[in-house]
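Structure data (TSV, C-alpha atoms) from protein_25.tsv:
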```
chain	number	residue	atom	x	y	z
A	1	MET	CA	-13.94	161.28	-83.74
A	2	LYS	CA	-11.98	164.49	-83.15
A	3	LYS	CA	-13.83	167.64	-82.05
A	4	LYS	CA	-12.71	169.59	-85.12
A	5	ASP	CA	-14.08	166.82	-87.36
A	6	ILE	CA	-17.49	167.08	-85.71
A	7	LYS	CA	-17.59	170.84	-86.35
A	8	GLN	CA	-16.89	170.27	-90.03
A	9	LEU	CA	-19.74	167.76	-90.47
A	10	LYS	CA	-22.62	168.94	-92.62
A	11	LEU	CA	-25.82	167.18	-93.46
A	12	SER	CA	-26.08	166.80	-97.21
A	13	VAL	CA	-29.66	167.10	-98.41
A	14	PRO	CA	-30.35	165.07	-101.54
A	15	ALA	CA	-31.33	167.08	-104.59
A	16	GLN	CA	-35.02	167.33	-105.40
A	17	GLU	CA	-34.69	165.02	-108.39
A	18	THR	CA	-33.18	162.23	-106.30
A	19	PRO	CA	-35.83	160.55	-104.12
A	20	ILE	CA	-34.66	160.13	-100.54
A	21	SER	CA	-35.78	156.50	-100.70
A	22	GLU	CA	-32.71	155.73	-102.82
A	23	PHE	CA	-30.52	156.48	-99.80
A	24	LEU	CA	-32.54	154.36	-97.42
A	25	THR	CA	-32.06	150.75	-96.40
A	26	ALA	CA	-35.00	148.51	-95.62
A	27	SER	CA	-34.94	149.75	-92.02
A	28	GLY	CA	-35.10	153.40	-93.04
A	29	THR	CA	-31.43	154.00	-92.31
A	30	PHE	CA	-29.01	155.80	-94.64
A	31	GLN	CA	-25.50	157.08	-94.40
A	32	ASP	CA	-23.95	160.39	-95.50
A	33	GLY	CA	-20.26	160.70	-94.77
A	34	ASP	CA	-19.82	160.39	-91.02
A	35	LEU	CA	-23.54	160.64	-90.41
A	36	LEU	CA	-25.78	157.66	-89.83
A	37	LEU	CA	-29.44	158.61	-89.99
A	38	ASN	CA	-32.74	156.87	-89.55
A	39	THR	CA	-36.33	157.80	-88.91
A	40	GLN	CA	-35.59	158.05	-85.18
A	41	GLY	CA	-32.96	160.77	-85.52
A	42	LEU	CA	-29.32	161.42	-86.22
A	43	ARG	CA	-26.15	159.72	-84.99
A	44	LEU	CA	-22.48	160.52	-85.58
A	45	VAL	CA	-20.42	157.46	-86.49
A	46	SER	CA	-16.75	157.29	-87.46
A	47	GLN	CA	-16.48	156.44	-91.16
A	48	GLU	CA	-14.10	153.51	-90.73
A	49	ASN	CA	-16.46	151.86	-88.24
A	50	ILE	CA	-19.50	151.80	-90.51
A	51	PRO	CA	-19.93	148.33	-91.99
A	52	SER	CA	-20.79	148.36	-95.68
A	53	SER	CA	-24.00	146.42	-95.03
A	54	LEU	CA	-24.94	148.68	-92.10
A	55	GLU	CA	-25.19	145.56	-89.95
A	56	PRO	CA	-24.35	146.26	-86.29
A	57	MET	CA	-20.87	145.16	-85.37
A	58	ASP	CA	-20.52	143.45	-82.00
A	59	ASN	CA	-18.69	146.40	-80.48
A	60	GLN	CA	-21.22	148.90	-81.81
A	61	ILE	CA	-24.38	147.56	-80.18
A	62	THR	CA	-25.48	149.65	-77.23
A	63	LEU	CA	-28.60	149.43	-75.09
A	64	ALA	CA	-29.61	152.88	-76.35
A	65	ASP	CA	-29.73	151.50	-79.90
A	66	LEU	CA	-32.28	148.81	-79.00
A	67	GLU	CA	-36.03	149.39	-78.94
A	68	THR	CA	-38.37	147.00	-77.13
A	69	VAL	CA	-40.91	145.29	-79.37
A	70	LYS	CA	-42.50	143.04	-76.73
A	71	VAL	CA	-41.76	140.87	-73.72
A	72	ILE	CA	-41.27	137.26	-74.83
A	73	GLY	CA	-40.35	135.61	-71.56
A	74	LYS	CA	-40.44	136.03	-67.79
A	75	GLY	CA	-39.03	133.88	-65.06
A	76	SER	CA	-36.94	133.76	-61.92
A	77	GLY	CA	-33.87	134.22	-64.12
A	78	GLY	CA	-35.06	137.57	-65.47
A	79	VAL	CA	-37.06	139.10	-68.29
A	80	VAL	CA	-36.48	138.44	-72.00
A	81	GLN	CA	-37.59	141.04	-74.54
A	82	LEU	CA	-37.75	141.02	-78.30
A	83	VAL	CA	-35.85	144.15	-79.32
A	84	GLN	CA	-35.05	145.83	-82.62
A	85	HIS	CA	-31.87	147.63	-83.52
A	86	LYS	CA	-32.86	151.21	-84.41
A	87	TRP	CA	-30.36	151.61	-87.22
A	88	THR	CA	-30.63	148.30	-89.04
A	89	GLY	CA	-34.00	146.86	-88.11
A	90	LYS	CA	-32.36	143.61	-87.01
A	91	VAL	CA	-34.10	141.84	-84.13
A	92	PHE	CA	-32.49	140.30	-81.06
A	93	ALA	CA	-33.54	138.77	-77.76
A	94	LEU	CA	-32.49	140.94	-74.81
A	95	LYS	CA	-32.25	139.12	-71.50
A	96	ALA	CA	-32.06	141.27	-68.36
A	97	ILE	CA	-30.98	139.57	-65.14
A	98	GLN	CA	-30.92	141.21	-61.75
A	99	MET	CA	-28.44	139.52	-59.45
A	100	ASN	CA	-28.15	140.23	-55.76
A	101	ILE	CA	-24.39	139.92	-55.73
A	102	GLN	CA	-21.54	142.37	-55.43
A	103	GLU	CA	-21.02	144.88	-58.22
A	104	THR	CA	-17.51	143.59	-58.86
A	105	VAL	CA	-18.90	140.08	-59.39
A	106	ARG	CA	-21.56	141.38	-61.79
A	107	LYS	CA	-18.90	143.16	-63.80
A	108	GLN	CA	-16.79	140.01	-63.83
A	109	ILE	CA	-19.73	138.02	-65.19
A	110	VAL	CA	-20.22	140.57	-67.98
A	111	GLN	CA	-16.53	140.35	-68.89
A	112	GLU	CA	-16.73	136.57	-69.07
A	113	LEU	CA	-19.89	136.78	-71.17
A	114	LYS	CA	-18.08	139.10	-73.57
A	115	ILE	CA	-15.38	136.45	-73.93
A	116	ASN	CA	-18.13	134.00	-74.84
A	117	GLN	CA	-19.07	136.30	-77.73
A	118	ALA	CA	-16.27	134.62	-79.62
A	119	SER	CA	-18.26	131.37	-79.48
A	120	GLN	CA	-19.45	130.45	-82.94
A	121	CYS	CA	-21.30	127.16	-83.02
A	122	PRO	CA	-24.48	126.52	-85.04
A	123	TYR	CA	-25.93	124.61	-82.09
A	124	VAL	CA	-25.41	127.33	-79.49
A	125	VAL	CA	-27.37	130.59	-79.34
A	126	VAL	CA	-25.10	133.48	-80.33
A	127	CYS	CA	-24.32	136.05	-77.62
A	128	HIS	CA	-23.81	139.35	-79.46
A	129	ASP	CA	-22.96	141.51	-76.47
A	130	ALA	CA	-23.40	141.93	-72.71
A	131	PHE	CA	-23.76	145.00	-70.50
A	132	TYR	CA	-23.91	145.85	-66.81
A	133	ASN	CA	-26.25	148.74	-66.04
A	134	ASN	CA	-28.03	149.81	-62.84
A	135	GLY	CA	-27.71	146.45	-61.13
A	136	PHE	CA	-28.84	144.49	-64.19
A	137	ILE	CA	-26.83	142.28	-66.50
A	138	SER	CA	-28.25	142.61	-70.01
A	139	ILE	CA	-27.35	140.09	-72.70
A	140	VAL	CA	-28.05	140.62	-76.41
A	141	LEU	CA	-28.80	137.21	-77.91
A	142	GLU	CA	-29.70	135.68	-81.23
A	143	TYR	CA	-33.49	135.62	-81.56
A	144	MET	CA	-35.04	132.16	-81.94
A	145	ASP	CA	-38.51	132.81	-83.31
A	146	ALA	CA	-40.26	129.60	-82.20
A	147	GLY	CA	-39.40	130.01	-78.53
A	148	SER	CA	-38.12	127.20	-76.35
A	149	LEU	CA	-38.64	123.47	-76.31
A	150	ALA	CA	-40.88	124.10	-73.29
A	151	ASP	CA	-43.13	126.27	-75.51
A	152	VAL	CA	-43.25	123.58	-78.18
A	153	ILE	CA	-44.09	120.82	-75.67
A	154	LYS	CA	-47.15	122.80	-74.57
A	155	GLN	CA	-48.51	122.62	-78.12
A	156	VAL	CA	-47.43	119.22	-79.43
A	157	LYS	CA	-47.69	117.43	-76.04
A	158	THR	CA	-45.37	114.61	-77.18
A	159	PHE	CA	-42.76	114.15	-79.92
A	160	ALA	CA	-42.51	111.11	-82.16
A	161	GLU	CA	-39.16	109.32	-82.03
A	162	PRO	CA	-37.85	110.62	-85.40
A	163	TYR	CA	-38.26	114.22	-84.19
A	164	LEU	CA	-36.66	113.33	-80.87
A	165	ALA	CA	-33.63	111.95	-82.70
A	166	VAL	CA	-33.26	115.15	-84.73
A	167	ILE	CA	-33.55	117.28	-81.57
A	168	CYS	CA	-31.09	115.09	-79.66
A	169	LYS	CA	-28.55	115.19	-82.46
A	170	GLN	CA	-28.45	118.99	-82.46
A	171	VAL	CA	-28.31	119.29	-78.67
A	172	LEU	CA	-25.54	116.69	-78.48
A	173	LYS	CA	-23.48	118.63	-81.04
A	174	GLY	CA	-23.95	121.73	-78.91
A	175	LEU	CA	-22.84	119.83	-75.80
A	176	ILE	CA	-19.79	118.44	-77.59
A	177	TYR	CA	-18.82	122.01	-78.44
A	178	LEU	CA	-19.31	123.20	-74.84
A	179	HIS	CA	-17.65	120.19	-73.21
A	180	HIS	CA	-14.72	119.58	-75.55
A	181	ASP	CA	-14.04	122.89	-77.29
A	182	ARG	CA	-14.90	125.27	-74.45
A	183	HIS	CA	-14.49	122.97	-71.44
A	184	ILE	CA	-17.76	124.27	-70.02
A	185	ILE	CA	-20.35	122.39	-67.97
A	186	HIS	CA	-23.70	123.96	-68.82
A	187	ARG	CA	-25.29	123.15	-65.43
A	188	ASP	CA	-28.83	124.08	-66.49
A	189	ILE	CA	-29.98	121.91	-69.39
A	190	LYS	CA	-33.80	122.05	-69.38
A	191	PRO	CA	-36.59	122.56	-71.96
A	192	SER	CA	-36.64	126.35	-71.54
A	193	ASN	CA	-32.89	126.54	-72.27
A	194	LEU	CA	-33.18	124.69	-75.58
A	195	LEU	CA	-34.44	127.21	-78.13
A	196	VAL	CA	-35.91	126.48	-81.55
A	197	ASN	CA	-36.72	128.42	-84.70
A	198	HIS	CA	-38.92	127.86	-87.71
A	199	LYS	CA	-35.97	126.50	-89.67
A	200	GLY	CA	-36.03	123.46	-87.40
A	201	GLU	CA	-32.81	124.49	-85.64
A	202	VAL	CA	-32.35	123.65	-81.96
A	203	LYS	CA	-29.77	125.60	-79.99
A	204	ILE	CA	-28.52	125.64	-76.42
A	205	THR	CA	-28.80	128.92	-74.57
A	206	ASP	CA	-27.77	130.33	-71.19
A	207	PHE	CA	-24.53	128.33	-71.14
A	208	GLY	CA	-22.58	131.54	-70.53
A	209	VAL	CA	-24.78	132.67	-67.66
A	210	SER	CA	-24.69	129.31	-65.89
A	211	ALA	CA	-20.97	128.82	-66.36
A	212	THR	CA	-19.79	132.33	-65.51
A	213	LEU	CA	-22.07	132.66	-62.50
A	214	ALA	CA	-20.75	129.40	-61.11
A	215	ASN	CA	-17.16	130.39	-61.82
A	216	SER	CA	-17.68	133.76	-60.15
A	217	MET	CA	-19.33	132.39	-57.02
A	218	GLY	CA	-17.11	129.38	-56.44
A	219	GLN	CA	-16.08	126.14	-58.02
A	220	ARG	CA	-18.19	123.28	-59.31
A	221	ASP	CA	-19.95	122.72	-55.98
A	222	THR	CA	-22.32	125.65	-56.53
A	223	PHE	CA	-26.06	125.13	-56.90
A	224	VAL	CA	-26.53	126.91	-60.19
A	225	GLY	CA	-29.35	125.53	-62.29
A	226	THR	CA	-32.83	124.09	-62.02
A	227	TYR	CA	-33.18	121.41	-59.35
A	228	ASN	CA	-35.75	119.31	-61.24
A	229	TYR	CA	-33.27	118.39	-63.96
A	230	MET	CA	-30.22	118.32	-61.71
A	231	SER	CA	-28.16	115.14	-61.51
A	232	PRO	CA	-28.12	113.07	-58.29
A	233	GLU	CA	-24.47	113.88	-57.61
A	234	ARG	CA	-25.15	117.60	-57.79
A	235	ILE	CA	-28.16	117.40	-55.49
A	236	SER	CA	-26.16	115.42	-52.94
A	237	GLY	CA	-23.32	117.97	-53.11
A	238	SER	CA	-20.74	115.67	-54.68
A	239	THR	CA	-18.20	116.68	-57.30
A	240	TYR	CA	-19.69	116.65	-60.78
A	241	GLY	CA	-18.54	116.97	-64.36
A	242	TYR	CA	-19.75	117.01	-67.96
A	243	SER	CA	-21.87	113.90	-67.38
A	244	SER	CA	-24.21	115.95	-65.19
A	245	ASP	CA	-25.40	117.68	-68.38
A	246	ILE	CA	-26.03	114.26	-69.93
A	247	TRP	CA	-28.33	113.30	-67.03
A	248	SER	CA	-30.30	116.51	-67.55
A	249	LEU	CA	-30.55	115.86	-71.29
A	250	GLY	CA	-31.94	112.39	-70.62
A	251	LEU	CA	-34.72	113.81	-68.44
A	252	VAL	CA	-35.53	116.47	-71.03
A	253	VAL	CA	-35.77	113.95	-73.88
A	254	LEU	CA	-37.92	111.59	-71.83
A	255	GLU	CA	-40.23	114.50	-70.98
A	256	CYS	CA	-40.50	115.36	-74.69
A	257	ALA	CA	-41.42	111.74	-75.41
A	258	THR	CA	-44.07	111.29	-72.70
A	259	GLY	CA	-45.34	114.82	-72.21
A	260	ASN	CA	-44.62	114.66	-68.47
A	261	PHE	CA	-41.67	115.37	-66.20
A	262	PRO	CA	-40.11	111.92	-65.61
A	263	TYR	CA	-40.37	112.06	-61.83
A	264	LEU	CA	-44.11	112.05	-61.16
A	265	PRO	CA	-45.18	112.29	-57.51
A	266	PRO	CA	-47.21	109.30	-56.28
A	267	GLY	CA	-50.94	109.95	-56.61
A	268	GLN	CA	-50.54	113.57	-57.76
A	269	GLU	CA	-50.83	115.06	-61.21
A	270	GLU	CA	-50.17	118.74	-60.49
A	271	GLY	CA	-46.59	118.24	-59.38
A	272	TRP	CA	-44.57	117.78	-56.24
A	273	LEU	CA	-46.01	119.49	-53.17
A	274	ASN	CA	-42.83	118.88	-51.19
A	275	PHE	CA	-39.74	120.06	-53.02
A	276	TYR	CA	-37.39	118.09	-50.76
A	277	GLU	CA	-39.25	114.85	-51.44
A	278	LEU	CA	-38.51	115.34	-55.14
A	279	LEU	CA	-34.80	115.83	-54.46
A	280	GLU	CA	-34.73	112.80	-52.17
A	281	THR	CA	-36.47	110.72	-54.83
A	282	ILE	CA	-33.92	111.71	-57.49
A	283	VAL	CA	-31.02	110.81	-55.20
A	284	GLU	CA	-32.40	107.67	-53.55
A	285	GLN	CA	-34.75	106.03	-56.04
A	286	PRO	CA	-33.88	104.19	-59.28
A	287	PRO	CA	-33.66	106.46	-62.34
A	288	PRO	CA	-36.65	106.82	-64.67
A	289	CYS	CA	-36.79	104.79	-67.85
A	290	ALA	CA	-38.63	104.71	-71.16
A	291	SER	CA	-41.34	102.07	-71.36
A	292	PRO	CA	-40.46	99.30	-73.83
A	293	ASP	CA	-44.20	98.96	-74.50
A	294	GLN	CA	-44.35	102.51	-75.85
A	295	PHE	CA	-40.93	103.11	-77.36
A	296	SER	CA	-38.33	101.38	-79.50
A	297	SER	CA	-35.47	99.46	-77.95
A	298	GLU	CA	-33.04	102.04	-79.38
A	299	PHE	CA	-34.83	104.91	-77.64
A	300	CYS	CA	-35.04	103.03	-74.34
A	301	SER	CA	-31.32	102.30	-74.58
A	302	PHE	CA	-30.55	105.97	-75.31
A	303	ILE	CA	-32.46	107.15	-72.23
A	304	SER	CA	-30.80	104.51	-70.08
A	305	ALA	CA	-27.37	105.64	-71.32
A	306	CYS	CA	-28.15	109.19	-70.12
A	307	VAL	CA	-29.79	108.68	-66.73
A	308	GLN	CA	-27.46	106.27	-65.01
A	309	LYS	CA	-27.18	107.10	-61.30
A	310	GLU	CA	-23.40	106.74	-61.38
A	311	PRO	CA	-21.85	109.51	-63.52
A	312	ARG	CA	-19.12	107.18	-64.82
A	313	ASP	CA	-21.79	104.88	-66.26
A	314	ARG	CA	-23.31	107.58	-68.49
A	315	MET	CA	-22.23	107.86	-72.09
A	316	SER	CA	-20.49	111.03	-73.22
A	317	ALA	CA	-22.05	113.45	-75.70
A	318	THR	CA	-19.64	112.18	-78.37
A	319	ASP	CA	-20.58	108.55	-77.80
A	320	LEU	CA	-24.29	109.36	-77.69
A	321	LEU	CA	-24.02	111.06	-81.07
A	322	ASN	CA	-23.11	107.63	-82.46
A	323	HIS	CA	-25.83	105.81	-80.52
A	324	PRO	CA	-28.13	103.51	-82.57
A	325	PHE	CA	-31.13	105.74	-81.73
A	326	ILE	CA	-29.49	108.76	-83.41
A	327	LYS	CA	-28.21	106.69	-86.34
A	328	LYS	CA	-31.61	105.05	-86.88
A	329	TYR	CA	-33.16	108.18	-88.41
A	330	GLU	CA	-30.17	109.78	-90.12
A	331	ASP	CA	-31.11	108.49	-93.56
A	332	GLN	CA	-34.73	109.53	-93.17
A	333	ASN	CA	-35.97	112.94	-94.23
A	334	VAL	CA	-37.24	114.06	-90.82
A	335	ASP	CA	-38.57	117.59	-91.27
A	336	LEU	CA	-38.54	119.27	-87.85
A	337	ALA	CA	-39.03	122.63	-89.58
A	338	ALA	CA	-42.42	121.49	-90.90
A	339	LEU	CA	-43.54	120.46	-87.42
A	340	ILE	CA	-42.39	123.74	-85.85
A	341	GLY	CA	-43.78	125.78	-88.75
A	342	ASN	CA	-47.30	124.53	-88.07
A	343	LEU	CA	-47.21	125.81	-84.49
A	344	SER	CA	-48.28	129.23	-83.34
A	345	SER	CA	-45.50	131.58	-82.28
A	346	PRO	CA	-45.01	132.00	-78.52
A	347	ALA	CA	-46.72	135.09	-77.12
```
Please go through the file and, once you have read it, give me the structure as structure tokens.
Amino acid sequence: MKKKDIKQLKLSVPAQETPISEFLTASGTFQDGDLLLNTQGLRLVSQENIPSSLEPMDNQITLADLETVKVIGKGSGGVVQLVQHKWTGKVFALKAIQMNIQETVRKQIVQELKINQASQCPYVVVCHDAFYNNGFISIVLEYMDAGSLADVIKQVKTFAEPYLAVICKQVLKGLIYLHHDRHIIHRDIKPSNLLVNHKGEVKITDFGVSATLANSMGQRDTFVGTYNYMSPERISGSTYGYSSDIWSLGLVVLECATGNFPYLPPGQEEGWLNFYELLETIVEQPPPCASPDQFSSEFCSFISACVQKEPRDRMSATDLLNHPFIKKYEDQNVDLAALIGNLSSPA
């Protein structure tokens, strides 16, 4: 906006007979010429950039426009907050990651994340924008109100096979998009990176962070991701490809079915005391399997198709989408939304 235009701006006060509420949106925001106002204050916005619905456009979101509602997640990867856009009332998830890497690399990651904004897939969490500020990379993401699959597992303990099939189908469609449309290896498929909402939608998140960090710090031999769900070839330092995500998916689905991480330490219930023994077990020992006494032959076959030790022996995401286990429940009205809707929201 030109300086002379700013000088000419005047705030029009509605006449007494016109209630101010008629100018307000549900979030308390209204527009008057080049002015965008809400209960928090006043902001100058160029007329041609104001969307008719007052929804924030991707290039208009700024960190200053976002107010923290609450913290919804903490971990080694950073802090995730539920935030609200001041001008529209729309909510997002804001993930802040502090990375001890060079500033130029951080800026490169943000640029690559911005490219990923163009990604529009119903099975991948939308990245609305990304910023680099004071050593932190902040990512504005679609908010999934039921949390992650890890949150759901804590409440339901185990999933029945029909629900597992519905979850798998959505995740596989997301992986097909990443692998075939975007040529991206996720590198960090795990329960906390599979988000759900009360509509029963399951979406993959953090694919941009994992991919761009790996691309920025080297090629596909980088140790980006969670070791527990990492494929044997990655742990041993070998070259890996899309099938490494399939291995991780197999472990996640088996965990959802049994309520436990598939690699249980001998004689211990709390978890592995020696991290390197876990890695050695994944590389050296036979892969886990679903018990035929507990699960259908179709489910056992699906898990086996994912967790083959040799990457070339694993089925692709496309082939798995046509697996008998997925097809078995397609004609049934499996209501994942009803299951999720009965759970309490994550804190």
Give me, as a PyMOL selection string, all polymer residues having an atom no more than 12 Å from Phe275 in chain A, counting all atoms listed in the file and skipping those fewer than 6 positions away in the same chain.
chain A and resi 227-228+263+265+281-282
Generate the output file for the selected residues, C-alpha atoms, as a PDB file, keeping the file's coordinate frame.
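What follows is the written file out22.pdb:
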```
ATOM      1  CA  TYR A 227     -33.180 121.410 -59.350  1.00  0.00           C
ATOM      2  CA  ASN A 228     -35.750 119.310 -61.240  1.00  0.00           C
ATOM      3  CA  TYR A 263     -40.370 112.060 -61.830  1.00  0.00           C
ATOM      4  CA  PRO A 265     -45.180 112.290 -57.510  1.00  0.00           C
ATOM      5  CA  THR A 281     -36.470 110.720 -54.830  1.00  0.00           C
ATOM      6  CA  ILE A 282     -33.920 111.710 -57.490  1.00  0.00           C
TER       7      ILE A 282
END
```
Top pick for closest residue to Ala317 in chain A, considering A:Glu284, A:Glu161, A:Asp245, A:Glu277 and counting all atoms listed in the file
A:Asp245
List as a JSON list (two decimals) with C-alpha atoms, keeping the file's coordinate frame the protein and nucleic acid residues near Phe325 in chain A, meaning an atom at most 10 Å away when all atoms listed in the file are counted, but skip any in the same chain fewer than 6 places from it.
```
[["chain", "number", "residue", "atom", "x", "y", "z"],
["A", 161, "GLU", "CA", -39.16, 109.32, -82.03],
["A", 162, "PRO", "CA", -37.85, 110.62, -85.40],
["A", 164, "LEU", "CA", -36.66, 113.33, -80.87],
["A", 165, "ALA", "CA", -33.63, 111.95, -82.70],
["A", 168, "CYS", "CA", -31.09, 115.09, -79.66],
["A", 169, "LYS", "CA", -28.55, 115.19, -82.46],
["A", 296, "SER", "CA", -38.33, 101.38, -79.50],
["A", 297, "SER", "CA", -35.47, 99.46, -77.95],
["A", 298, "GLU", "CA", -33.04, 102.04, -79.38],
["A", 299, "PHE", "CA", -34.83, 104.91, -77.64],
["A", 300, "CYS", "CA", -35.04, 103.03, -74.34],
["A", 301, "SER", "CA", -31.32, 102.30, -74.58],
["A", 302, "PHE", "CA", -30.55, 105.97, -75.31],
["A", 303, "ILE", "CA", -32.46, 107.15, -72.23]]
```
Close residues, Asp65 in chain A itself excluded, 8 Å, all atoms listed in the file, min 5 positions apart in chain, as an MDAnalysis selection string:
chainID A and resid 85:87
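Put simply, CA of Asp145 in chain A is 11.1 Å away from CA of Val202 in chain A.
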Here is a test: counting only C-alpha atoms, which residue of A:Ser138, A:Asn274, A:Gln81, A:Gln155 is nearest to Thr62 in chain A?
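When distances to Thr62 in chain A are compared using only C-alpha atoms, the smallest one comes from A:Ser138.
Separating CA of Val283 in chain A from CA of Ser304 in chain A is a distance of 16.2 Å.
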Neighbours of Leu251 in chain A within 9 Å (only C-alpha atoms; same-chain residues fewer than 5 positions away dropped), as number ranges by chain?
A: 190, 229, 246, 256, 261-263, 288, 303, 306-307
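Minimum atom-to-atom distances from A:Val156, A:Ile185, A:Leu172, A:Val79 to Ile137 in chain A were compared using all atoms listed in the file, and the lowest value belongs to A:Val79.
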Residue among A:Glu112, A:Glu310, A:Asp206, A:Asp129 lying closest to Leu63 in chain A, counting only C-alpha atoms:
A:Asp129
Option closest in space to Ile189 in chain A, from A:Ile109, A:Met230, A:Val125, A:Ile176 [counting all atoms listed in the file]
A:Met230
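Candidate residues A:Val124, A:Leu113, A:Leu66, A:Leu264 were compared for distance to Gly89 in chain A, and the nearest is A:Leu66, using all atoms listed in the file.
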Could you name the residues that touch Ile326 in chain A at 8 Å or less, counting all atoms listed in the file, but leaving out those on the same chain fewer than 3 positions away, as a VMD selection string?
chain A and resid 165 to 166 168 to 169 320 to 323 329 to 330
Local residues around (-38.7, 130.6, -78.4), at most 9 Å away, using only C-alpha atoms, as a list in words
Ile72, Gly73, Tyr143, Met144, Asp145, Ala146, Gly147, Ser148, Leu149, Ala150, Asp151, Val152, Ser192, Leu194, Leu195, Val196, Asn197, Ser345 and Pro346 of chain A
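You will find CA of Ser231 in chain A at 26.9 Å from CA of Val80 in chain A.
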